[in-house]
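Step one of this worksheet: look at the structure below.
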Amino acid sequence: MTDRFDLSGRVAIVTGASRGIGKAIAETFALAGAKVALASRKQEALDEAARTIRAEGGEAVGIAAHSGDKRALCNLVEATVARYGRLDILVNNAATNPHFGTILDADDSYWRKTIDVNVMGNVWLTQAAVKQMRGGGKIINVASIVGLTPGRYQGIYSLTKAGVISLTKTLATELGPDNIQVNAIAPGLVKTRFARALWGNDDLLAHVLAQTPAGRIGQPDDISGIALFLASSASDYTTGAVFVLDGGVTASSI
């Protein structure tokens with residue numbers, strides 16, 4: 001039964017993989033036997049993350065690519081296949097959230113940046129990746145619970161994450177006949193550098209904890225287990241689903 005979670009012989013791309021949730025997912029995939037291409041903007045941080053994985057006996061390489069740049073994402077897929085010979089798993093994890101405030105106060109540049117990275121980046125990378133998924137594959141999109149219920153002062157980010165959830169379901173229907181399963185993970189608040197503005201504010205953190213039955217916020221490793229399931233053959237009959245990992249926040253708000 002445990003062999004169903006074995007990723008030996010498979011190749012994965014994980015974006016936003018130099019730290020946080022992406023790094024935890026990449027490390028988990030490597031420990032399960034996958035060869036992993038780590039992607040983010042800064043090569044130095046990627047190289048450090050890849051060295052950590054190799055030191056633990058895994059196989060990984062860092063390939064710098066901005067998730068808002070279509071050409072860079074195409075190059076990412078090409079470089080991964082050139083190095084490892086195939087592509088089986090894609091994790092669209094990279095995201096940005098430059099605006100904390102109301103939608104009506106947001107400058108157009110914030111809209112463009114957030115949509116390009118959080119939505120179009122997923123589209124562009126998926127377009128390139130599926131061409132290399134011979135006989136099947138796995139696509140995992142990292143959304144957010146604010147894609148289900150908008151977060152206060154996170155309107156643009158929430159809108160894009162709702163788009164990621166809709167994109168996931170649409171791709172699942174379109175790619176099902178090609179034996180490619182597409183699913184989404186919707187985390188709640190996780191202690192990452194990306195979310196520091198939330199968990200680093202005592203008042204905001206207290207507000208979140210008061211609504212969280214688990215009594216704590218998430219850690220990156222809390223997300224990597226479901227990602228392994230969705231990347232493995234154990235999830236071959238699972239597609240178009242959204243997995244909420246939030247310590248019970250959304251359940252308690254119903």
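Chain lettering (A, B, ...) mirrors the order of the structure tokens, residue numbering begins at 1 for each chain separately, and ligand numbering begins at 1 in order of display.
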Among region 7-134 of chain A, which residues does DSSP mark as alpha helix (DSSP H) when it is run on the backbone? Keep the chain and numbering as in the structure and answer as a VMD selection string.
chain A and resid 20 to 31 43 to 55 70 to 84 108 to 115 121 to 130
Create the file for the chosen residues now, containing C-alpha atoms and written as a PDB file, in the first residue's frame.
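selection.pdb written:
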```
ATOM      1  CA  GLY A  20       7.773  28.072   2.624  1.00  0.00           C
ATOM      2  CA  ILE A  21       5.097  25.751   1.289  1.00  0.00           C
ATOM      3  CA  GLY A  22       6.836  25.200  -2.049  1.00  0.00           C
ATOM      4  CA  LYS A  23      10.086  24.155  -0.405  1.00  0.00           C
ATOM      5  CA  ALA A  24       8.282  21.764   1.949  1.00  0.00           C
ATOM      6  CA  ILE A  25       6.463  20.160  -0.992  1.00  0.00           C
ATOM      7  CA  ALA A  26       9.679  19.840  -3.005  1.00  0.00           C
ATOM      8  CA  GLU A  27      11.483  18.211  -0.079  1.00  0.00           C
ATOM      9  CA  THR A  28       8.626  15.756   0.461  1.00  0.00           C
ATOM     10  CA  PHE A  29       8.548  14.804  -3.227  1.00  0.00           C
ATOM     11  CA  ALA A  30      12.314  14.249  -3.252  1.00  0.00           C
ATOM     12  CA  LEU A  31      12.142  12.054  -0.151  1.00  0.00           C
ATOM     13  CA  GLN A  43      18.848  31.458  -8.316  1.00  0.00           C
ATOM     14  CA  GLU A  44      20.928  31.699  -5.143  1.00  0.00           C
ATOM     15  CA  ALA A  45      18.000  30.788  -2.890  1.00  0.00           C
ATOM     16  CA  LEU A  46      17.063  27.922  -5.211  1.00  0.00           C
ATOM     17  CA  ASP A  47      20.588  26.557  -5.187  1.00  0.00           C
ATOM     18  CA  GLU A  48      20.577  26.538  -1.394  1.00  0.00           C
ATOM     19  CA  ALA A  49      17.243  24.695  -1.276  1.00  0.00           C
ATOM     20  CA  ALA A  50      18.438  22.161  -3.857  1.00  0.00           C
ATOM     21  CA  ARG A  51      21.638  21.549  -1.874  1.00  0.00           C
ATOM     22  CA  THR A  52      19.564  20.795   1.206  1.00  0.00           C
ATOM     23  CA  ILE A  53      17.532  18.206  -0.695  1.00  0.00           C
ATOM     24  CA  ARG A  54      20.633  16.572  -2.190  1.00  0.00           C
ATOM     25  CA  ALA A  55      22.263  16.447   1.256  1.00  0.00           C
ATOM     26  CA  LYS A  70       5.536  33.358 -19.988  1.00  0.00           C
ATOM     27  CA  ARG A  71       8.851  32.877 -21.787  1.00  0.00           C
ATOM     28  CA  ALA A  72      10.647  32.127 -18.517  1.00  0.00           C
ATOM     29  CA  LEU A  73       8.052  29.494 -17.654  1.00  0.00           C
ATOM     30  CA  CYS A  74       8.410  27.829 -21.045  1.00  0.00           C
ATOM     31  CA  ASN A  75      12.175  27.802 -20.510  1.00  0.00           C
ATOM     32  CA  LEU A  76      11.625  26.223 -17.083  1.00  0.00           C
ATOM     33  CA  VAL A  77       9.794  23.272 -18.626  1.00  0.00           C
ATOM     34  CA  GLU A  78      12.347  22.925 -21.413  1.00  0.00           C
ATOM     35  CA  ALA A  79      15.262  22.981 -18.964  1.00  0.00           C
ATOM     36  CA  THR A  80      13.601  20.420 -16.695  1.00  0.00           C
ATOM     37  CA  VAL A  81      12.950  17.979 -19.520  1.00  0.00           C
ATOM     38  CA  ALA A  82      16.451  18.522 -20.912  1.00  0.00           C
ATOM     39  CA  ARG A  83      17.938  17.592 -17.541  1.00  0.00           C
ATOM     40  CA  TYR A  84      15.639  14.772 -16.424  1.00  0.00           C
ATOM     41  CA  ASP A 108      -3.941  49.083 -11.858  1.00  0.00           C
ATOM     42  CA  SER A 109      -0.340  47.905 -11.538  1.00  0.00           C
ATOM     43  CA  TYR A 110      -1.273  45.794  -8.500  1.00  0.00           C
ATOM     44  CA  TRP A 111      -4.072  44.166 -10.465  1.00  0.00           C
ATOM     45  CA  ARG A 112      -1.821  43.340 -13.394  1.00  0.00           C
ATOM     46  CA  LYS A 113       0.992  41.935 -11.267  1.00  0.00           C
ATOM     47  CA  THR A 114      -1.274  39.790  -9.111  1.00  0.00           C
ATOM     48  CA  ILE A 115      -3.265  38.394 -12.025  1.00  0.00           C
ATOM     49  CA  GLY A 121       1.441  32.155 -14.550  1.00  0.00           C
ATOM     50  CA  ASN A 122      -0.484  28.983 -13.728  1.00  0.00           C
ATOM     51  CA  VAL A 123      -2.048  28.970 -17.178  1.00  0.00           C
ATOM     52  CA  TRP A 124       1.232  29.555 -19.030  1.00  0.00           C
ATOM     53  CA  LEU A 125       3.167  26.946 -17.073  1.00  0.00           C
ATOM     54  CA  THR A 126       0.384  24.397 -17.379  1.00  0.00           C
ATOM     55  CA  GLN A 127       0.203  24.942 -21.142  1.00  0.00           C
ATOM     56  CA  ALA A 128       3.904  24.175 -21.450  1.00  0.00           C
ATOM     57  CA  ALA A 129       3.877  21.301 -18.953  1.00  0.00           C
ATOM     58  CA  VAL A 130       1.003  19.237 -20.365  1.00  0.00           C
TER      59      VAL A 130
END
```
Contacts of Arg10 (chain A) at 9 Å (only C-alpha atoms; same-chain gap of 6+ positions) as a ChimeraX atom specification:
/A:33-36,86-89
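Here the question is which of A:Ala32, A:Phe100, A:Ala214, A:Phe243 gets nearest to Phe5 (chain A) using only C-alpha atoms, and that residue is A:Ala32.
When only C-alpha atoms are used to compute distances to Asn141 (chain A), the closest of the residues A:His207, A:Arg216, A:Lys161, A:Lys191 turns out to be A:Lys161.
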Spatial neighbours of Thr149 (chain A), 10 Å, only C-alpha atoms, chain gap at least 5 places, as a PDB file with C-alpha atoms, in the first residue's frame:
```pdb
ATOM      1  CA  SER A 144      -6.175  29.601  -0.540  1.00  0.00           C
ATOM      2  CA  SER A 158      -8.765  36.542  -3.040  1.00  0.00           C
ATOM      3  CA  LEU A 159     -10.132  37.110  -6.529  1.00  0.00           C
ATOM      4  CA  ALA A 162     -10.920  32.036  -6.630  1.00  0.00           C
ATOM      5  CA  THR A 250     -13.922  27.290   7.260  1.00  0.00           C
TER       6      THR A 250
END
```
What parts of region 6-227 of chain A does DSSP call strand (DSSP E or B)? I'd like the answer as a ChimeraX atom specification.
/A:11-15,35-39,59-62,89-92,101,137-142,154,180-187,190,218
Return the single residue from A:Gly58, A:Asp221, A:Ser67, A:Ile140 that is closest to Ile185 (chain A), with distances computed using only C-alpha atoms.
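Ranked by minimum distance to Ile185 (chain A), first place goes to A:Ile140.
Counting from CA of Asn92 (chain A), the distance to CA of Gly135 (chain A) is 20.3 Å.
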With a distance cut-off of 9 Å and only C-alpha atoms, select the neighbouring residues of Asn118 (chain A), excluding the residue or stretch itself and same-chain residues fewer than 6 positions from it, and output the selection as number ranges by chain.
A: 67-68, 92-97, 143, 157, 160-161, 163-164
Which is closer to Gly16 (chain A) than all the others in A:Gly240, A:Gly57, A:Gly225, A:Gly62, using only C-alpha atoms?
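Among the listed residues, A:Gly62 lies closest to Gly16 (chain A).
The two atoms in question, CA of Ala60 (chain A) and CA of Gly188 (chain A), are spaced 27.8 Å apart.
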Between CA of Gly151 (chain A) and CA of Asp203 (chain A), what is the spacing in Å?
15.4 Å
